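Colleague: I have a structure I would like to understand better, so I am pasting it below and will then ask my questions one at a time.
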Amino acid sequence: MDKAYNPKKVEEKWYANWMEEGYYKASTASEKTPYTIVIPPPNVTGSLHIGHALDYTIQDILIRYKRMKGFDALWVPGTDHAGIATQMVVERELEKEGESRIEMGRDKFLSRVWEWKEESGGRITTQLRRLGAMPDWDKERFTMDEGLSQAVRQVFVELYRQKLIYKDKRLVNWDPKLRTAVSDLEVEQRDMRGHLWHFKYPVLGSKGQYITVATTRPETMLGDTAVAVHPEDARYKHLVGEYAVLPLVKREIPIVADEYSDPEKGSGAVKITPAHDFNDFEVGLRHELPIINIFDSTAHLNENTPEAYRGMERFEARKRIIEDMDALGLLVTIEDTDHTVPFGDRSGVVIEPWLTDQWYVDAKKLAVPAIEAVEDGRIKFVPKYWENTYFEWLRNIEPWCISRQLWWGHQIPAWYGPGGEVFVALSEDEALKLAREHYGEDVPLTQDSDVLDTWFSSGLWPFSTLGWPEMTTELKKYYPTDVLVTGFDIIFFWVARMIMQGIKFMDDVPFKDVYIHGLIRDEKGQKMSKTKGNVIDPIDVIEEYGADALRFTLTAQCTQGRDIKLSMSVIQGYRNFINKLWNASRFLIMNLEGYNPDFTPSVEELSTYDKWILTELNRTITLVEESFEEYEFDKAAGAIYQFFWAEYCDWYIEAVKPALYGDDAREKQKTRHILVRVLTSSLQLLHPVSPFVTEELYHKLREFGVGLKGVDCVTTKSIVTSSFPDSESVPVFKDAHKEFEFIKAIVAGVRNLRAVIGLHPSEKVSMTLIPESSGIGKQIESNRDFILHSASLSGLELRYKGKPEKAVVQVIPGVELFLPVEGLIDVEKESERIKKEIGKLAKDLERTEKKLGSSEFLERAPEDVVQKERDKFDELSFQRKKMEDVLQKLNELI
């Protein structure tokens, strides 16, 4: 067995073995209870980032855990066709070759995209294997494979026929570079420093009277159709119902009263441009205002503007309009301002609210049963407070724009006849038949060139991946799924839409639980980004530390309701735990010579240490199982870490080394039995989190013929197919547990006293213990050898009367511990040294407290700097209290 754990030697070997053996497969023929997760499909263009690593680690933990618990666990993998992202990737390739999408034509371009997908689209699924994720690869799906495409067409047609899909002219987020509508998720809001231009508009029929408006977008004034003031704003009450004259255009526009106008902002009067602002659009509908679109699809000014501005790019027009307003004496002032500007996350250009014909889903009607499903508990959000975000969005839901002006995607199954009549059908043949019935003859039809929003197809994911619209055996067995694991940012875009579509087409919720995990941030709490240079690449981590270390780190840090602060040093720390597991297992395996797998000790043969570790194992199994079931992954990882490192390695192995190295053959066999039993259960507890190292160690034990009859043991071919430890099979010994916890407290107390006087760990000293009863004295006496060895003592005196002089003392429940110091230290000199140390700590504390009390510091300093100061204050306070306790003990000797 190698001295050190080498992940590179282990990971590829075992993943290939799992694939070969088919451990990842679920089966409809199985009589086991189903447990299902569908993977949130990553973009086919993507590569594994640290957020993916967290998301998929959690899902893999649940699937592996449920398999070990005896479920027929299905994890459906797949990828999303990612309309805009994929089209852009291929278009960039064409540009390098001197070709363009338009010149190539739609059919040839789509063939090229499919070629790219086959050659380069599997990168992220390959990386998932590196992470150790083990979904059912035989059931891998793609949002544009034939089965899912059929589901998309079926849903569109059914919703259209029920008048839940319709075409309308509304404002959308328009990307003028890509020339398509985009979803809110594809819009990046950037805080920018800009200007607020104050213009005055003449009031019609009142010479010399003006109403002043302020705008960050002067170019849109050419589309103004009103000026709005607050109904209670006394400054403008006399103007409501009057008209202003729109400069440059000479259009007469009404002055209306609307609560959208804020009297506290600017002049209190706002220009209303219904065709180019979402809020203005709503004002326009309330007051039945004209809606004038002044931009074309590339954000150049169109024929609805004065001739002098037609054809100008929007920002060029802005500059010209400001100059012209200034020349007319209508520019009042220019004010610096901070404001938020929407940018396309793919194109990098400013997004334009634009009035255009698009296809919409009547989301308000679909939202009603989706709200009820969460209200009545059929779907549970974890943490629960995310329900509020879900309700807030669904109760204020707008029509869902589902069309995109792209080529790559599900082309909308709508065909247009000669007179513009729309025929929505599952196929062109069906559409031609409908047209023939309508026109009374065969007519040529043209299919809508738009494609569907990718969220439309991914919204069907929980049931389309299982075979819908066919009622397959998979759909019957595995729907509804059990849990959806995802981030909070797509509650609106994906989670809610899956719930709406699932209830609509399956008459049941798509999943029972929605587990929402936090974001992964850097160690300072800042969002990771390439521009900041603080991104942690999971593949780089796997290369350096192994997949198990990464997975354990993410699990241990995954606290419900909190973001994760991640750094390489944290990952390094948990890599040390994986090494500890390897080293402890290696120690045990090196001491298995003569191990008899058929040996089973009687309860009477078990020592206090044996009974204590079994009781701790029982408690740990229960805690880990409860934590997995409640999605408290950090608690599960913490319990395994604490049990294995602190209890099994630091206490139990140390306690039984004398027996392991002794001459009593039966005692050796008993000790090996417990060591193996606990190690095997520990590996099984850890396996869902860190699968590779646990599989390797499981097989190392198998090589020694390890196996225990009647208990969790190394009897199956792979740890993947072994049973999760059962707490009921592990006995509990309350009295023995209590006794050993008492002995541990004595050892810890002795170690603390040694630290007080600065004794080196190897320096042996003698101590006196005064128990409060003879019963406690017997417990100490029966564990004398362990205390002497663990506390590095040369002698241990038990007495019931007379306290030693010149000794530092610590009291723990049931016993007083005395460490004589005469000849070991100069008490007065040590006391003076500690006083000086306390004084230094007090000054540092005062400086830190003063800084934290400064409102200027709290307002100006970044949050991570403030947090560092708070942490420093806590640490200084702790150190001072510790030193004061030491001083008090020393002063008692003077």
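By convention in this document, the chains of the structure tokens carry letters A, B, ... by their order, each chain's residues are numbered from 1, and ligands are numbered from 1 in the order they are shown.
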Any idea what's packed within 8 Å of Trp407 in chain A, counting only C-alpha atoms, ignoring anything in its chain fewer than 5 positions away? Could you give it as a ChimeraX atom specification?
Modeller: /A:87,106,110,449-451
Colleague: Restricting it to N, CA and C atoms, dump the selection as a compact mmCIF listing (two decimals), in the first residue's frame.
Modeller:
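Result went into again-v2.txt, see below:
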# COMPACT_ATOMS: atom_id res chain seq x y z
N GLN A 87 -25.04 29.51 -30.93
CA GLN A 87 -25.03 30.19 -32.23
C GLN A 87 -23.84 31.13 -32.34
N ARG A 106 -29.87 29.18 -43.64
CA ARG A 106 -30.30 28.55 -42.38
C ARG A 106 -29.97 27.05 -42.32
N LEU A 110 -27.37 25.37 -39.68
CA LEU A 110 -27.80 24.44 -38.63
C LEU A 110 -27.03 23.13 -38.73
N SER A 449 -39.93 32.04 -38.61
CA SER A 449 -38.47 31.88 -38.60
C SER A 449 -37.89 31.91 -37.18
N ASP A 450 -38.68 32.35 -36.20
CA ASP A 450 -38.17 32.44 -34.82
C ASP A 450 -38.03 31.06 -34.18
N VAL A 451 -37.21 31.02 -33.14
CA VAL A 451 -37.10 29.81 -32.33
C VAL A 451 -37.59 30.11 -30.92
Colleague: Among range 240-320 of chain A, which ones does DSSP assign to alpha helix (DSSP H) (computed from the backbone)? Answer as a PyMOL selection string.
Modeller: chain A and resi 278-286+314-320
Colleague: Generate a file of the selected residues that holds all heavy atoms, formatted as a tab-separated table (two decimals), in the first residue's frame.
Modeller:
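Saved as part_25.tsv:
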chain	number	residue	atom	x	y	z
A	278	PHE	N	-39.89	50.20	-19.99
A	278	PHE	CA	-40.90	49.27	-19.47
A	278	PHE	C	-41.92	49.97	-18.57
A	278	PHE	O	-43.13	49.69	-18.64
A	278	PHE	CB	-40.22	48.11	-18.73
A	278	PHE	CG	-39.51	47.16	-19.64
A	278	PHE	CD1	-38.12	47.20	-19.77
A	278	PHE	CD2	-40.20	46.23	-20.39
A	278	PHE	CE1	-37.45	46.33	-20.63
A	278	PHE	CE2	-39.55	45.35	-21.26
A	278	PHE	CZ	-38.17	45.41	-21.37
A	279	ASN	N	-41.46	50.88	-17.72
A	279	ASN	CA	-42.40	51.60	-16.86
A	279	ASN	C	-43.28	52.55	-17.68
A	279	ASN	O	-44.48	52.66	-17.44
A	279	ASN	CB	-41.63	52.38	-15.78
A	279	ASN	CG	-40.99	51.47	-14.77
A	279	ASN	OD1	-41.60	50.54	-14.28
A	279	ASN	ND2	-39.72	51.72	-14.45
A	280	ASP	N	-42.64	53.21	-18.63
A	280	ASP	CA	-43.39	54.13	-19.48
A	280	ASP	C	-44.45	53.39	-20.30
A	280	ASP	O	-45.53	53.93	-20.57
A	280	ASP	CB	-42.45	54.87	-20.44
A	280	ASP	CG	-41.55	55.86	-19.71
A	280	ASP	OD1	-41.59	55.90	-18.47
A	280	ASP	OD2	-40.82	56.61	-20.38
A	281	PHE	N	-44.15	52.16	-20.68
A	281	PHE	CA	-45.10	51.35	-21.45
A	281	PHE	C	-46.39	51.16	-20.64
A	281	PHE	O	-47.50	51.29	-21.16
A	281	PHE	CB	-44.48	50.00	-21.79
A	281	PHE	CG	-45.36	49.09	-22.60
A	281	PHE	CD1	-45.55	49.32	-23.97
A	281	PHE	CD2	-46.00	48.01	-22.02
A	281	PHE	CE1	-46.37	48.48	-24.72
A	281	PHE	CE2	-46.82	47.17	-22.76
A	281	PHE	CZ	-47.00	47.40	-24.12
A	282	GLU	N	-46.22	50.87	-19.32
A	282	GLU	CA	-47.40	50.68	-18.46
A	282	GLU	C	-48.17	51.99	-18.28
A	282	GLU	O	-49.40	51.99	-18.27
A	282	GLU	CB	-46.97	50.12	-17.09
A	282	GLU	CG	-46.31	48.75	-17.15
A	282	GLU	CD	-47.22	47.68	-17.74
A	282	GLU	OE1	-48.45	47.76	-17.50
A	282	GLU	OE2	-46.72	46.79	-18.44
A	283	VAL	N	-47.44	53.10	-18.15
A	283	VAL	CA	-48.10	54.42	-18.06
A	283	VAL	C	-48.89	54.68	-19.35
A	283	VAL	O	-50.04	55.14	-19.33
A	283	VAL	CB	-47.07	55.55	-17.83
A	283	VAL	CG1	-47.76	56.92	-17.87
A	283	VAL	CG2	-46.36	55.36	-16.50
A	284	GLY	N	-48.27	54.34	-20.48
A	284	GLY	CA	-48.92	54.52	-21.77
A	284	GLY	C	-50.21	53.73	-21.87
A	284	GLY	O	-51.23	54.25	-22.40
A	285	LEU	N	-50.21	52.49	-21.37
A	285	LEU	CA	-51.44	51.69	-21.41
A	285	LEU	C	-52.52	52.29	-20.52
A	285	LEU	O	-53.69	52.32	-20.90
A	285	LEU	CB	-51.13	50.25	-20.95
A	285	LEU	CG	-50.25	49.40	-21.87
A	285	LEU	CD1	-50.02	48.02	-21.27
A	285	LEU	CD2	-50.87	49.26	-23.26
A	286	ARG	N	-52.12	52.79	-19.34
A	286	ARG	CA	-53.11	53.37	-18.42
A	286	ARG	C	-53.78	54.61	-19.01
A	286	ARG	O	-54.95	54.88	-18.76
A	286	ARG	CB	-52.44	53.73	-17.08
A	286	ARG	CG	-52.12	52.53	-16.21
A	286	ARG	CD	-51.84	52.94	-14.78
A	286	ARG	NE	-50.58	53.65	-14.61
A	286	ARG	CZ	-49.41	53.06	-14.39
A	286	ARG	NH1	-49.33	51.74	-14.36
A	286	ARG	NH2	-48.32	53.78	-14.22
A	314	ARG	N	-27.94	55.19	-32.18
A	314	ARG	CA	-28.61	55.80	-31.02
A	314	ARG	C	-27.71	56.74	-30.22
A	314	ARG	O	-28.17	57.80	-29.76
A	314	ARG	CB	-29.18	54.71	-30.10
A	314	ARG	CG	-28.17	53.66	-29.68
A	314	ARG	CD	-28.80	52.55	-28.86
A	314	ARG	NE	-27.90	51.41	-28.76
A	314	ARG	CZ	-28.05	50.41	-27.92
A	314	ARG	NH1	-29.08	50.38	-27.10
A	314	ARG	NH2	-27.18	49.41	-27.91
A	315	PHE	N	-26.43	56.39	-30.03
A	315	PHE	CA	-25.57	57.25	-29.21
A	315	PHE	C	-25.06	58.46	-30.00
A	315	PHE	O	-24.80	59.52	-29.43
A	315	PHE	CB	-24.43	56.44	-28.61
A	315	PHE	CG	-24.91	55.35	-27.69
A	315	PHE	CD1	-24.67	54.01	-27.97
A	315	PHE	CD2	-25.65	55.67	-26.56
A	315	PHE	CE1	-25.15	53.01	-27.14
A	315	PHE	CE2	-26.13	54.67	-25.71
A	315	PHE	CZ	-25.89	53.34	-26.00
A	316	GLU	N	-24.97	58.28	-31.29
A	316	GLU	CA	-24.66	59.42	-32.16
A	316	GLU	C	-25.83	60.41	-32.13
A	316	GLU	O	-25.64	61.62	-32.04
A	316	GLU	CB	-24.42	58.91	-33.59
A	316	GLU	CG	-24.08	59.99	-34.60
A	316	GLU	CD	-24.10	59.44	-36.03
A	316	GLU	OE1	-24.22	58.22	-36.21
A	316	GLU	OE2	-24.00	60.27	-36.96
A	317	ALA	N	-27.05	59.85	-32.17
A	317	ALA	CA	-28.25	60.69	-32.11
A	317	ALA	C	-28.34	61.41	-30.76
A	317	ALA	O	-28.76	62.58	-30.69
A	317	ALA	CB	-29.49	59.83	-32.33
A	318	ARG	N	-27.95	60.74	-29.70
A	318	ARG	CA	-27.97	61.37	-28.36
A	318	ARG	C	-27.14	62.66	-28.37
A	318	ARG	O	-27.58	63.72	-27.91
A	318	ARG	CB	-27.43	60.40	-27.31
A	318	ARG	CG	-27.26	61.02	-25.93
A	318	ARG	CD	-26.63	60.05	-24.94
A	318	ARG	NE	-27.51	58.92	-24.66
A	318	ARG	CZ	-27.23	57.96	-23.77
A	318	ARG	NH1	-26.08	58.02	-23.10
A	318	ARG	NH2	-28.07	56.97	-23.57
A	319	LYS	N	-25.93	62.53	-28.89
A	319	LYS	CA	-25.02	63.69	-28.93
A	319	LYS	C	-25.63	64.84	-29.73
A	319	LYS	O	-25.61	66.00	-29.30
A	319	LYS	CB	-23.68	63.25	-29.54
A	319	LYS	CG	-22.59	64.30	-29.53
A	319	LYS	CD	-21.30	63.74	-30.13
A	319	LYS	CE	-20.24	64.83	-30.17
A	319	LYS	NZ	-19.00	64.35	-30.83
A	320	ARG	N	-26.21	64.52	-30.88
A	320	ARG	CA	-26.79	65.54	-31.75
A	320	ARG	C	-28.00	66.20	-31.09
A	320	ARG	O	-28.17	67.43	-31.16
A	320	ARG	CB	-27.19	64.87	-33.08
A	320	ARG	CG	-27.94	65.78	-34.04
A	320	ARG	CD	-27.04	66.79	-34.74
A	320	ARG	NE	-27.81	67.56	-35.70
A	320	ARG	CZ	-28.03	67.18	-36.96
A	320	ARG	NH1	-27.50	66.05	-37.41
A	320	ARG	NH2	-28.75	67.93	-37.76
Colleague: If we count only C-alpha atoms, what is near Asp357 in chain A at a cut-off of 7 Å, once residues fewer than 3 positions away on the same chain are taken out, given as a VMD selection string?
Modeller: chain A and resid 167 to 170
Colleague: Expressed in Å to a single decimal, how great is the separation between CA of Trp386 in chain A and CA of Val341 in chain A?
Modeller: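 It comes out at 27.2 Å.
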Colleague: Need the shell around Thr212 in chain A: protein/DNA/RNA residues with any atom at most 8 Å away, counting only C-alpha atoms. Skip same-chain ones fewer than 2 positions apart. Format as JSON, numbers by chain?
Modeller: {"A": [198, 199, 200, 201, 210, 214, 267, 269]}
